[in-house]
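*Asks:* See data.csv below, with CSV, C-alpha atoms.
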chain,number,residue,atom,x,y,z
N,67,MET,CA,103.6,99.1,137.5
N,68,LYS,CA,101.3,102.1,137.0
N,69,PHE,CA,98.9,101.8,134.0
N,70,THR,CA,97.7,105.1,132.5
N,71,ALA,CA,95.6,106.3,129.6
N,72,SER,CA,98.6,106.3,127.3
N,73,HIS,CA,99.3,102.6,128.2
N,74,LEU,CA,95.8,101.7,127.3
N,75,LEU,CA,96.0,103.5,124.0
N,76,TYR,CA,99.4,101.9,123.4
N,77,GLY,CA,97.8,98.4,123.8
N,78,VAL,CA,94.8,99.3,121.6
N,79,VAL,CA,97.1,100.6,118.8
N,80,ILE,CA,99.3,97.5,119.0
N,81,ALA,CA,96.2,95.2,118.9
N,82,CYS,CA,94.8,97.1,115.9
N,83,LEU,CA,98.0,96.8,114.0
N,84,CYS,CA,98.2,93.1,114.7
N,85,ALA,CA,94.6,92.6,113.6
N,86,ILE,CA,95.3,94.4,110.3
N,87,GLY,CA,98.5,92.3,109.8
N,88,ILE,CA,96.7,89.0,110.3
N,89,ALA,CA,93.8,90.1,108.0
N,90,PHE,CA,96.1,91.0,105.2
N,91,LEU,CA,98.4,88.0,105.7
N,92,TYR,CA,95.3,85.9,105.2
N,93,SER,CA,94.7,87.9,102.0
N,94,THR,CA,98.2,87.3,100.7
N,95,GLY,CA,97.6,83.5,101.1
N,96,TYR,CA,94.1,83.7,99.5
N,97,LEU,CA,94.0,82.7,95.8
N,98,GLY,CA,90.3,82.0,95.4
N,99,GLU,CA,87.5,79.9,96.7
N,100,GLU,CA,88.8,76.8,95.0
N,101,PHE,CA,92.2,77.0,96.6
N,102,ALA,CA,93.4,76.4,100.2
N,103,VAL,CA,94.6,79.5,102.0
N,104,ARG,CA,98.3,79.5,102.9
N,105,GLU,CA,98.8,79.2,106.6
N,106,ASN,CA,101.1,82.1,107.2
N,107,TYR,CA,98.4,84.0,109.0
N,108,LEU,CA,98.0,81.1,111.5
N,109,ARG,CA,101.7,81.0,112.1
N,110,GLN,CA,101.7,84.8,112.6
N,111,CYS,CA,98.9,84.3,115.3
N,112,PHE,CA,101.3,82.0,117.1
N,113,PHE,CA,104.2,84.4,116.8
N,114,ILE,CA,102.0,87.3,118.1
N,115,CYS,CA,100.9,85.2,121.1
N,116,ALA,CA,104.6,84.3,121.9
N,117,GLY,CA,105.5,88.0,121.6
N,118,VAL,CA,102.7,89.1,123.9
N,119,LEU,CA,103.8,86.6,126.5
N,120,ALA,CA,107.4,87.9,126.3
N,121,ALA,CA,106.2,91.5,126.5
N,122,PHE,CA,104.1,90.8,129.6
N,123,CYS,CA,107.1,89.1,131.3
N,124,ILE,CA,109.2,92.1,130.6
N,125,LEU,CA,106.5,94.4,131.9
N,126,ARG,CA,106.8,92.9,135.4
N,127,ILE,CA,110.5,93.7,135.6
N,128,ARG,CA,111.4,97.1,137.1
N,129,THR,CA,113.7,99.0,134.7
N,130,GLY,CA,117.2,99.4,136.1
N,131,SER,CA,116.8,96.6,138.6
N,132,THR,CA,119.3,93.8,138.9
N,133,LEU,CA,117.0,91.4,137.1
N,134,TRP,CA,116.6,94.0,134.3
N,135,ARG,CA,120.4,94.2,133.9
N,136,ILE,CA,120.7,90.4,133.8
N,137,LEU,CA,118.0,90.4,131.1
N,138,ALA,CA,119.7,93.1,129.0
N,139,PHE,CA,123.3,91.8,129.2
N,140,GLY,CA,122.3,88.2,129.2
N,141,GLY,CA,120.2,88.6,126.1
N,142,TYR,CA,122.9,90.7,124.5
N,143,GLY,CA,125.6,88.0,125.2
N,144,ILE,CA,123.4,85.2,123.9
N,145,SER,CA,122.5,87.2,120.8
N,146,VAL,CA,126.1,87.9,119.9
N,147,LEU,CA,127.0,84.3,120.5
N,148,LEU,CA,124.2,83.2,118.1
N,149,LEU,CA,125.4,85.7,115.5
N,150,MET,CA,128.8,84.0,115.6
N,151,ILE,CA,127.3,80.6,115.4
N,152,VAL,CA,125.1,81.6,112.4
N,153,LEU,CA,128.2,82.6,110.4
N,154,VAL,CA,129.5,79.1,110.8
N,155,MET,CA,126.5,76.8,111.0
N,156,GLY,CA,123.7,79.0,109.7
N,157,LYS,CA,121.3,78.1,106.9
N,158,SER,CA,122.2,79.9,103.6
N,159,ILE,CA,119.2,81.3,101.7
N,160,GLY,CA,119.6,83.5,98.6
N,161,GLY,CA,123.4,84.0,99.1
N,162,ALA,CA,123.1,85.1,102.8
N,163,ARG,CA,123.7,83.0,105.9
N,164,ARG,CA,121.3,84.6,108.4
N,165,TRP,CA,119.2,81.7,109.9
N,166,LEU,CA,119.6,78.9,112.4
N,167,ASP,CA,117.5,75.9,111.3
N,168,PHE,CA,115.5,74.3,114.1
N,169,GLY,CA,113.4,71.9,111.9
N,170,PRO,CA,109.9,73.4,111.8
N,171,MET,CA,111.1,76.9,112.3
N,172,LEU,CA,114.0,79.2,111.4
N,173,LEU,CA,115.5,81.6,113.9
N,174,GLN,CA,117.1,84.8,112.8
N,175,PRO,CA,119.5,85.9,115.6
N,176,ALA,CA,120.0,89.4,114.1
N,177,GLU,CA,116.4,90.4,115.0
N,178,PHE,CA,117.0,89.7,118.7
N,179,ALA,CA,120.5,91.1,118.6
N,180,ARG,CA,119.2,94.5,117.6
N,181,VAL,CA,116.7,94.6,120.4
N,182,PHE,CA,119.1,93.4,123.2
N,183,THR,CA,121.8,95.8,121.9
N,184,ILE,CA,119.4,98.7,122.5
N,185,LEU,CA,118.6,97.3,126.0
N,186,ALA,CA,122.3,96.8,126.9
N,187,ALA,CA,123.5,100.1,125.4
N,188,ALA,CA,120.7,102.0,127.4
N,189,VAL,CA,122.3,100.7,130.6
N,190,LEU,CA,125.8,101.4,129.6
N,191,LEU,CA,124.9,105.0,128.6
N,192,ASP,CA,122.8,105.8,131.7
N,193,GLY,CA,125.6,107.8,133.4
N,194,ARG,CA,125.7,105.5,136.5
N,195,SER,CA,126.7,102.0,135.4
N,196,ILE,CA,130.4,102.6,134.4
N,197,PRO,CA,132.9,105.4,134.8
N,198,LYS,CA,132.1,108.4,132.6
N,199,LYS,CA,135.4,108.2,130.7
N,200,TRP,CA,134.6,104.7,129.5
N,201,GLU,CA,130.9,105.3,128.8
N,202,LEU,CA,131.1,106.4,125.2
N,203,LEU,CA,133.6,103.7,124.2
N,204,ALA,CA,131.4,101.0,125.9
N,205,GLY,CA,128.3,102.3,124.2
N,206,LEU,CA,129.9,102.4,120.8
N,207,THR,CA,131.4,98.9,121.2
N,208,ALA,CA,128.0,97.5,122.3
N,209,PHE,CA,126.5,98.7,119.0
N,210,LEU,CA,129.4,98.0,116.6
N,211,LEU,CA,130.1,94.4,117.6
N,212,PRO,CA,126.7,93.1,116.5
N,213,MET,CA,126.6,95.4,113.5
N,214,VAL,CA,129.9,94.0,112.2
N,215,LEU,CA,128.6,90.4,112.8
N,216,ILE,CA,125.3,91.2,111.0
N,217,ILE,CA,127.2,92.7,108.1
N,218,LEU,CA,129.2,89.5,107.7
N,219,GLU,CA,126.1,87.5,107.1
N,220,PRO,CA,125.5,89.7,105.1
N,221,SER,CA,122.3,91.6,106.2
N,222,TYR,CA,123.1,95.2,105.5
N,223,GLY,CA,119.5,96.3,106.1
N,224,ASN,CA,119.5,95.0,109.7
N,225,ALA,CA,122.9,96.4,110.4
N,226,MET,CA,121.9,99.8,109.0
N,227,SER,CA,118.7,99.9,111.2
N,228,LEU,CA,121.0,99.8,114.3
N,229,LEU,CA,122.9,102.9,113.1
N,230,PHE,CA,119.9,105.3,113.8
N,231,PRO,CA,119.2,104.1,117.3
N,232,MET,CA,122.9,104.4,118.0
N,233,MET,CA,122.9,108.0,116.7
N,234,ALA,CA,119.8,108.8,118.8
N,235,MET,CA,121.0,107.4,122.0
N,236,ILE,CA,124.6,108.7,121.8
N,237,GLY,CA,123.4,112.1,120.3
N,238,THR,CA,120.9,112.8,123.1
N,239,ARG,CA,123.6,111.8,125.7
N,240,TYR,CA,126.5,113.9,124.4
N,241,LEU,CA,125.3,116.5,121.9
N,242,PRO,CA,123.7,119.9,123.0
N,243,LYS,CA,120.1,120.4,121.9
N,244,TRP,CA,121.0,123.0,119.2
N,245,LEU,CA,123.6,120.7,117.6
N,246,TRP,CA,121.3,117.7,117.8
N,247,GLY,CA,118.5,119.7,116.1
N,248,LEU,CA,121.0,120.9,113.4
N,249,ALA,CA,122.2,117.4,112.7
N,250,LEU,CA,118.5,116.2,112.4
N,251,PHE,CA,117.7,119.1,110.0
N,252,LEU,CA,120.8,118.4,107.8
N,253,CYS,CA,119.8,114.7,107.7
N,254,ILE,CA,116.3,115.6,106.5
N,255,VAL,CA,117.7,118.0,103.9
N,256,LEU,CA,120.1,115.3,102.7
N,257,ILE,CA,117.5,112.7,102.4
N,258,ILE,CA,115.1,115.0,100.5
N,259,GLY,CA,117.9,116.2,98.2
N,260,ALA,CA,119.0,112.6,97.5
N,261,SER,CA,115.5,111.6,96.7
N,262,LEU,CA,114.9,114.5,94.3
N,263,GLY,CA,118.3,113.8,92.7
N,264,ILE,CA,117.4,110.1,92.1
N,265,GLN,CA,114.0,111.0,90.7
N,266,ARG,CA,115.7,113.4,88.3
N,267,GLN,CA,118.2,110.8,87.3
N,268,ARG,CA,115.5,108.3,86.6
N,269,GLN,CA,113.7,110.8,84.4
N,270,VAL,CA,116.7,111.5,82.2
N,271,ASP,CA,117.7,107.8,82.4
N,272,GLN,CA,121.3,108.5,83.5
N,273,VAL,CA,122.1,105.0,84.7
N,274,ASP,CA,124.8,104.1,82.1
N,275,GLN,CA,127.5,103.4,84.7
N,276,VAL,CA,125.4,101.0,86.6
N,277,ASP,CA,124.1,99.3,83.5
N,278,GLN,CA,127.6,98.4,82.5
N,279,VAL,CA,127.9,96.1,85.5
N,280,ASP,CA,126.8,92.5,85.1
N,281,GLN,CA,124.9,92.3,88.3
N,282,GLU,CA,124.3,88.5,88.2
N,283,SER,CA,127.9,87.6,87.9
N,284,GLN,CA,130.1,90.2,89.6
N,285,THR,CA,130.6,90.8,93.3
N,286,THR,CA,132.6,93.7,94.9
N,287,GLY,CA,134.5,93.4,98.2
N,288,PHE,CA,131.5,94.7,100.1
N,289,PHE,CA,128.5,94.3,98.0
N,290,LYS,CA,127.2,90.9,96.7
N,291,ALA,CA,125.7,90.4,93.3
N,292,TYR,CA,122.1,90.7,94.5
N,293,HIS,CA,123.0,94.0,96.3
N,294,LEU,CA,124.2,95.4,93.0
N,295,LYS,CA,121.1,94.1,91.2
N,296,ARG,CA,118.9,95.9,93.8
N,297,LEU,CA,120.9,99.1,93.4
N,298,LYS,CA,120.5,99.0,89.6
N,299,SER,CA,116.8,98.4,89.9
N,300,PHE,CA,116.4,101.3,92.3
N,301,LEU,CA,118.4,103.7,90.1
N,302,SER,CA,116.8,102.7,86.9
N,303,ALA,CA,113.8,104.4,85.5
N,304,GLU,CA,111.7,101.3,85.3
N,305,GLY,CA,112.8,99.4,88.5
N,306,GLY,CA,113.0,95.7,89.2
N,307,TRP,CA,110.0,93.4,88.9
N,308,ASN,CA,109.0,93.4,92.5
N,309,GLU,CA,109.2,97.2,92.7
N,310,GLN,CA,107.2,97.6,89.5
N,311,GLN,CA,104.4,95.4,90.7
N,312,SER,CA,104.4,97.0,94.1
N,313,VAL,CA,104.0,100.5,92.7
N,314,MET,CA,101.3,99.3,90.3
N,315,ALA,CA,99.5,97.7,93.3
N,316,VAL,CA,99.7,100.9,95.3
N,317,ALA,CA,98.5,103.0,92.4
N,318,GLY,CA,95.8,100.5,91.5
N,319,GLY,CA,94.2,100.8,94.9
N,320,GLY,CA,93.3,104.4,94.3
N,321,LEU,CA,91.2,106.2,96.8
N,322,THR,CA,88.9,103.4,98.1
N,323,GLY,CA,90.8,100.2,97.0
N,324,LYS,CA,89.7,97.1,95.1
N,325,GLY,CA,88.2,95.4,98.2
N,326,TYR,CA,89.4,92.9,100.7
N,327,LEU,CA,90.8,89.7,99.0
N,328,ASN,CA,90.4,91.3,95.6
N,329,GLY,CA,93.9,92.6,95.0
N,330,THR,CA,94.8,91.9,91.4
N,331,MET,CA,98.6,92.1,91.6
N,332,LYS,CA,98.6,89.7,94.5
N,333,ASN,CA,95.9,87.3,93.4
N,334,LEU,CA,97.4,86.8,89.9
N,335,GLY,CA,100.9,86.4,91.3
N,336,PHE,CA,102.4,89.5,89.7
N,337,LEU,CA,103.4,90.7,93.1
N,338,PRO,CA,105.3,87.5,94.1
N,339,ARG,CA,103.8,85.5,97.0
N,340,THR,CA,107.3,85.2,98.5
N,341,VAL,CA,107.5,88.9,99.2
N,342,ALA,CA,103.9,90.0,99.5
N,343,PRO,CA,103.5,88.9,103.1
N,344,THR,CA,106.9,90.4,104.2
N,345,ASP,CA,108.7,93.3,102.5
N,346,PHE,CA,105.8,94.4,100.3
N,347,ILE,CA,102.7,93.9,102.5
N,348,PHE,CA,102.1,97.6,102.4
N,349,ALA,CA,101.4,97.3,98.7
N,350,VAL,CA,98.7,94.7,99.4
N,351,VAL,CA,97.1,97.0,102.0
N,352,ALA,CA,97.2,99.9,99.6
N,353,GLU,CA,95.7,97.9,96.7
N,354,GLU,CA,92.8,96.3,98.6
N,355,GLY,CA,92.1,99.1,101.0
N,356,GLY,CA,93.0,102.1,99.0
N,357,PHE,CA,94.2,105.4,100.5
N,358,LEU,CA,91.1,106.0,102.7
N,359,PHE,CA,90.5,102.5,104.1
N,360,GLY,CA,94.0,101.1,103.9
N,361,VAL,CA,96.9,103.5,103.8
N,362,LEU,CA,95.5,106.3,106.0
N,363,PRO,CA,94.3,104.2,108.9
N,364,LEU,CA,97.6,102.2,108.9
N,365,LEU,CA,99.8,105.3,108.9
N,366,ALA,CA,97.5,106.9,111.6
N,367,LEU,CA,98.0,103.9,113.8
N,368,TYR,CA,101.8,104.0,113.4
N,369,TRP,CA,101.8,107.8,114.0
N,370,THR,CA,99.9,107.4,117.2
N,371,LEU,CA,102.2,104.7,118.4
N,372,LEU,CA,105.2,106.9,117.8
N,373,MET,CA,103.6,109.9,119.5
N,374,ILE,CA,102.9,107.8,122.6
N,375,LEU,CA,106.6,106.8,122.7
N,376,MET,CA,107.6,110.4,122.3
N,377,HIS,CA,105.3,111.3,125.1
N,378,TRP,CA,107.0,108.7,127.3
N,379,ALA,CA,110.4,109.9,126.3
N,380,GLY,CA,109.4,113.5,127.2
N,381,ARG,CA,108.5,112.5,130.8
N,382,ALA,CA,111.3,110.0,131.4
N,383,GLN,CA,112.7,110.3,134.9
N,384,ASP,CA,116.2,109.0,134.3
N,385,ARG,CA,118.7,108.6,131.5
N,386,LEU,CA,118.2,104.8,131.3
N,387,CYS,CA,114.5,105.1,130.4
N,388,LEU,CA,115.2,107.9,128.0
N,389,ASN,CA,117.9,105.9,126.2
N,390,LEU,CA,115.7,102.9,126.0
N,391,ILE,CA,112.6,104.7,124.6
N,392,ALA,CA,114.7,106.8,122.2
N,393,GLY,CA,116.5,103.8,120.8
N,394,GLY,CA,113.5,101.6,120.6
N,395,SER,CA,111.2,104.2,119.0
N,396,ILE,CA,113.9,105.1,116.4
N,397,LEU,CA,114.2,101.4,115.5
N,398,ILE,CA,110.4,101.1,115.0
N,399,PHE,CA,110.4,104.4,113.0
N,400,THR,CA,113.2,103.2,110.7
N,401,HIS,CA,111.2,100.0,109.9
N,402,ILE,CA,108.1,102.0,109.1
N,403,VAL,CA,109.9,104.5,106.8
N,404,VAL,CA,111.8,101.8,105.0
N,405,GLY,CA,108.9,99.4,104.7
N,406,VAL,CA,106.7,102.1,103.2
N,407,GLY,CA,109.5,103.6,101.1
N,408,MET,CA,110.4,100.3,99.5
N,409,ALA,CA,106.8,99.7,98.4
N,410,ILE,CA,106.6,103.1,96.6
N,411,ARG,CA,110.2,103.2,95.3
N,412,LEU,CA,111.3,106.0,97.4
N,413,LEU,CA,114.0,103.7,99.0
N,414,PRO,CA,115.8,100.7,97.7
N,415,VAL,CA,114.8,97.2,98.7
N,416,ILE,CA,116.8,96.4,101.8
N,417,GLY,CA,114.5,93.9,103.5
N,418,LEU,CA,113.1,95.7,106.5
N,419,PRO,CA,109.5,94.5,107.2
N,420,LEU,CA,106.7,96.6,108.7
N,421,PRO,CA,106.4,96.2,112.5
N,422,LEU,CA,103.4,94.1,113.7
N,423,LEU,CA,102.2,93.8,110.1
N,424,SER,CA,104.7,91.7,108.1
N,425,TYR,CA,105.1,88.0,108.4
N,426,GLY,CA,108.0,86.7,110.4
N,427,GLY,CA,108.5,84.9,113.7
N,428,SER,CA,111.9,86.2,114.9
N,429,PHE,CA,111.0,89.8,113.8
N,430,THR,CA,107.5,89.8,115.4
N,431,ILE,CA,108.7,88.4,118.8
N,432,ALA,CA,111.7,90.8,118.8
N,433,VAL,CA,109.3,93.8,118.2
N,434,PHE,CA,107.1,92.8,121.1
N,435,ILE,CA,110.2,92.5,123.3
N,436,ILE,CA,111.2,96.1,122.6
N,437,LEU,CA,107.6,97.3,122.8
N,438,GLY,CA,107.3,95.7,126.2
N,439,ALA,CA,110.6,97.1,127.4
N,440,MET,CA,109.6,100.6,126.5
N,441,ALA,CA,106.2,100.3,128.2
N,442,ALA,CA,108.0,99.0,131.3
N,443,ALA,CA,110.4,102.0,131.2
N,444,ASP,CA,107.4,104.4,131.5
N,445,GLY,CA,105.2,102.2,133.7
N,446,HIS,CA,107.7,101.8,136.5
N,447,ARG,CA,108.1,105.5,137.2
N,448,SER,CA,108.3,106.1,141.0
N,449,ASP,CA,105.7,108.8,141.0
N,450,GLU,CA,103.5,110.9,138.8
N,451,SER,CA,103.4,114.7,139.0
N,452,SER,CA,100.3,116.8,138.4
N,453,GLU,CA,101.8,117.9,135.1
N,454,ASP,CA,102.0,114.2,134.0
N,455,ARG,CA,98.4,113.6,135.0
N,456,LYS,CA,97.3,116.6,133.2
N,457,ALA,CA,99.2,115.5,130.1
N,458,GLU,CA,97.4,112.1,130.3
N,459,LYS,CA,94.1,113.9,129.9
N,460,GLY,CA,95.3,115.9,126.9
N,461,THR,CA,95.5,114.9,123.2
N,462,ILE,CA,98.4,112.6,122.6
N,463,VAL,CA,99.5,114.4,119.5
N,464,PHE,CA,100.6,117.4,121.5
N,465,ALA,CA,102.8,115.2,123.7
N,466,LEU,CA,105.7,115.7,121.3
N,467,GLY,CA,106.2,119.1,122.7
N,468,ARG,CA,107.0,117.6,126.1
N,469,LEU,CA,110.1,116.0,124.6
N,470,LEU,CA,111.6,119.5,124.5
N,471,LYS,CA,111.2,119.9,128.3
N,472,VAL,CA,112.9,116.7,129.5
N,473,ASN,CA,114.0,117.1,133.1
N,474,LEU,CA,116.1,114.2,134.2
N,475,LYS,CA,116.9,113.4,137.8
N,476,ASN,CA,120.4,112.0,137.0
N,477,LYS,CA,121.6,114.3,134.3
What is this structure when it is put down as structure tokens?
*Replies:*
Amino acid sequence: MKFTASHLLYGVVIACLCAIGIAFLYSTGYLGEEFAVRENYLRQCFFICAGVLAAFCILRIRTGSTLWRILAFGGYGISVLLLMIVLVMGKSIGGARRWLDFGPMLLQPAEFARVFTILAAAVLLDGRSIPKKWELLAGLTAFLLPMVLIILEPSYGNAMSLLFPMMAMIGTRYLPKWLWGLALFLCIVLIIGASLGIQRQRQVDQVDQVDQVDQESQTTGFFKAYHLKRLKSFLSAEGGWNEQQSVMAVAGGGLTGKGYLNGTMKNLGFLPRTVAPTDFIFAVVAEEGGFLFGVLPLLALYWTLLMILMHWAGRAQDRLCLNLIAGGSILIFTHIVVGVGMAIRLLPVIGLPLPLLSYGGSFTIAVFIILGAMAAADGHRSDESSEDRKAEKGTIVFALGRLLKVNLKNK
């Protein structure tokens, strides 16, 4: 494997995000000098070490090799099997059956299923593995099977997060550039329009139809009671408790924050300690670090990570590597957008944590697996042109432009 400047920067960004995550997980467990700190941050250190080990193992496997295909399809098959098992024998928490209980730890198969689905679909859609007439059907089936099983848990957030990688991988494979750009533009317009419409609806308090539903006692054929409760909270002018406290924490941080370990909403328990380390850790970062020392550095690190991935996608040498990086980067991007959007009430609470920041064993290890796979896809390129070497010396922000000049060997 050839390590370049972008790989070094990639590792530095990941290390910085992990360090920030551990620091603020310590903060979420800190209540004062007279109380013991909750050990979530120590468990997260273990999960990160396990994830790094998994990523380094994947880095040694050449993308597209026989061993790589065994990893992709073997992991996919085991993940689907575990998704079936969890529906029958899984541990039920909060009305959802998503976890397998292994005594000291809980395993969430959906997290690994999403990653190995991207790996397997990248192979199926590479233009060489199966006949072209079956390629689209095989790719769609690879995505839809785990999505259906995840929905049955139910875990609509995890299922939804697979939809965007599927659109990216299939869209870049079959849609012309102009149509793909138009679809992306329309999606952005739709999201902005929906956001403005919801904000307007909140201002005039037009939520009468939702208020008529007893969220605690009624369940539709698709949505459970807690889904309807979250929807009501999102559409209402005041929001639910967690959302209120999260927005207050973000706003209370101001420009420079209240100082590390001094977050009021978290320390006093207004932002519940059950969600502060996971779905709403962004609120803790914003309250204690403020915009300048919390939000801005965090978003800059995520932006840099995504730009590196776009740079790698732009110089991908075959369809398999492009599929893998496109699908994996979109999955990471979805988590970032939703994780931040939930904390500031731009999006409803759907339980997608922030990559490398939020607490969670299955999620953290799964993120490292996909990060390692994308680094392997770029690092095992057969050669490096002078244009690639020149790009390595340039500013990584401008690498996005290279995505518009993808030249694949096996197109």
*Asks:* Just to confirm, what's the straight-line distance from CA of Val118 in chain N to CA of Ile402 in chain N in Å (one decimal)?
*Replies:*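 One can read the CA of Val118 in chain N to CA of Ile402 in chain N distance as 20.4 Å.
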*Asks:* Neighbouring residues of Leu203 in chain N were defined as those with any atom within 10 Å, considering only C-alpha atoms; residues of the same chain fewer than 4 positions away were excluded. Please report them as a PDB file with C-alpha atoms, keeping the file's coordinate frame.
*Replies:*
ATOM      1  CA  LEU N 190     125.800 101.400 129.600  1.00  0.00           C
ATOM      2  CA  LEU N 191     124.900 105.000 128.600  1.00  0.00           C
ATOM      3  CA  LYS N 198     132.100 108.400 132.600  1.00  0.00           C
ATOM      4  CA  LYS N 199     135.400 108.200 130.700  1.00  0.00           C
ATOM      5  CA  THR N 207     131.400  98.900 121.200  1.00  0.00           C
ATOM      6  CA  ALA N 208     128.000  97.500 122.300  1.00  0.00           C
TER       7      ALA N 208
END
*Asks:* Could you tell me how far CA of Leu83 in chain N sits from CA of Arg381 in chain N, in Å to one decimal place?
*Replies:*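 So the answer is 25.3 Å.
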*Asks:* What's the separation between CA of Ile159 in chain N and CA of Arg339 in chain N, in Å to one decimal place?
*Replies:*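 Interatomic distance here is 16.6 Å.
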*Asks:* Out of N:Ala120, N:Leu173, N:Ile127, N:Leu413, which residue has the shortest atom-to-atom distance to Leu149 in chain N when counting only C-alpha atoms?
*Replies:*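 Nearest to Leu149 in chain N: N:Leu173.
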*Asks:* Excluding Gly95 in chain N and its own-chain neighbours fewer than 2 positions away, which residues fall within 9 Å of it when counting only C-alpha atoms? Please give them as a PyMOL selection string.
*Replies:* chain N and resi 90-93+97+102-107+333+339+343
*Asks:* Write out as JSON, numbers by chain which residues come within 7 Å of Ala439 in chain N when counting all atoms listed in the file, dropping same-chain ones fewer than 4 positions away.
*Replies:* {"N": [124, 125, 435, 443]}
*Asks:* Just want the 9 Å neighbourhood of range 353-369 of chain N, counted on all atoms listed in the file, with same-chain residues fewer than 2 positions away dropped. Output as an MDAnalysis selection string.
*Replies:* chainID N and resid 79:80 82:83 86 314:332 348:351 371:374 399 402 463
*Asks:* Rank nothing, just name the residue among N:Ser424, N:Asp167, N:Leu241, N:Ala382 nearest to Ala442 in chain N, using only C-alpha atoms.
*Replies:*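 Among N:Ser424, N:Asp167, N:Leu241, N:Ala382, it is N:Ala382 that comes nearest to Ala442 in chain N.
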*Asks:* Check the smallest atom-to-atom distance from each of N:Leu185, N:Ala116, N:Leu215, N:Met150 to Met232 in chain N using only C-alpha atoms, then report the winner.
*Replies:*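 For Met232 in chain N, the nearest of the given residues is N:Leu185.
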*Asks:* Which of these, N:Gly223, N:Gly237, N:Pro175, N:Pro170, has the shortest distance to Leu148 in chain N once you count only C-alpha atoms?
*Replies:* N:Pro175
*Asks:* Hey, which of N:Cys84, N:His401, N:Leu211, N:Trp378 ends up closest to Leu147 in chain N? Count only C-alpha atoms.
*Replies:*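 Closest to Leu147 in chain N, using only C-alpha atoms: N:Leu211.
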*Asks:* Tell me which protein, DNA and RNA residues are within 12 Å of Ala441 in chain N, counting only C-alpha atoms, leaving out same-chain ones fewer than 3 positions away, and put them as a VMD selection string.
*Replies:* chain N and resid 67 to 70 72 to 77 80 121 to 129 371 374 to 379 382 387 to 388 390 to 391 394 to 395 434 to 438 444 to 447
*Asks:* Store the residues of this selection in a file with C-alpha atoms, as a short mmCIF file (atom, residue, chain, number, x, y, z; two decimals), in the coordinates of the input.
*Replies:*
data_model
loop_
_atom_site.label_atom_id
_atom_site.label_comp_id
_atom_site.auth_asym_id
_atom_site.auth_seq_id
_atom_site.Cartn_x
_atom_site.Cartn_y
_atom_site.Cartn_z
CA MET N 67 103.60 99.10 137.50
CA LYS N 68 101.30 102.10 137.00
CA PHE N 69 98.90 101.80 134.00
CA THR N 70 97.70 105.10 132.50
CA SER N 72 98.60 106.30 127.30
CA HIS N 73 99.30 102.60 128.20
CA LEU N 74 95.80 101.70 127.30
CA LEU N 75 96.00 103.50 124.00
CA TYR N 76 99.40 101.90 123.40
CA GLY N 77 97.80 98.40 123.80
CA ILE N 80 99.30 97.50 119.00
CA ALA N 121 106.20 91.50 126.50
CA PHE N 122 104.10 90.80 129.60
CA CYS N 123 107.10 89.10 131.30
CA ILE N 124 109.20 92.10 130.60
CA LEU N 125 106.50 94.40 131.90
CA ARG N 126 106.80 92.90 135.40
CA ILE N 127 110.50 93.70 135.60
CA ARG N 128 111.40 97.10 137.10
CA THR N 129 113.70 99.00 134.70
CA LEU N 371 102.20 104.70 118.40
CA ILE N 374 102.90 107.80 122.60
CA LEU N 375 106.60 106.80 122.70
CA MET N 376 107.60 110.40 122.30
CA HIS N 377 105.30 111.30 125.10
CA TRP N 378 107.00 108.70 127.30
CA ALA N 379 110.40 109.90 126.30
CA ALA N 382 111.30 110.00 131.40
CA CYS N 387 114.50 105.10 130.40
CA LEU N 388 115.20 107.90 128.00
CA LEU N 390 115.70 102.90 126.00
CA ILE N 391 112.60 104.70 124.60
CA GLY N 394 113.50 101.60 120.60
CA SER N 395 111.20 104.20 119.00
CA PHE N 434 107.10 92.80 121.10
CA ILE N 435 110.20 92.50 123.30
CA ILE N 436 111.20 96.10 122.60
CA LEU N 437 107.60 97.30 122.80
CA GLY N 438 107.30 95.70 126.20
CA ASP N 444 107.40 104.40 131.50
CA GLY N 445 105.20 102.20 133.70
CA HIS N 446 107.70 101.80 136.50
CA ARG N 447 108.10 105.50 137.20
#
*Asks:* I need the residue nearest Val146 in chain N from this list: N:Phe182, N:Tyr240, N:Phe251, N:Phe346. Use all atoms listed in the file for the distance.
*Replies:* N:Phe182
*Asks:* Could you get me a file of range 174-179 of chain N with N, CA and C atoms, as a compact mmCIF listing (two decimals), in the first residue's frame, taken from the block above?
*Replies:*
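File result.txt, as written:
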# COMPACT_ATOMS: atom_id res chain seq x y z
N GLN N 174 -25.05 -4.45 18.14
CA GLN N 174 -26.12 -3.98 17.26
C GLN N 174 -25.77 -4.36 15.81
N PRO N 175 -26.33 -5.45 15.31
CA PRO N 175 -25.97 -5.94 13.97
C PRO N 175 -26.22 -4.94 12.85
N ALA N 176 -27.20 -4.04 13.02
CA ALA N 176 -27.52 -3.09 11.96
C ALA N 176 -26.33 -2.21 11.60
N GLU N 177 -25.50 -1.87 12.60
CA GLU N 177 -24.34 -1.01 12.33
C GLU N 177 -23.36 -1.69 11.38
N PHE N 178 -23.09 -2.97 11.61
CA PHE N 178 -22.16 -3.71 10.75
C PHE N 178 -22.82 -4.04 9.41
N ALA N 179 -24.13 -4.27 9.43
CA ALA N 179 -24.84 -4.61 8.19
C ALA N 179 -24.74 -3.46 7.19
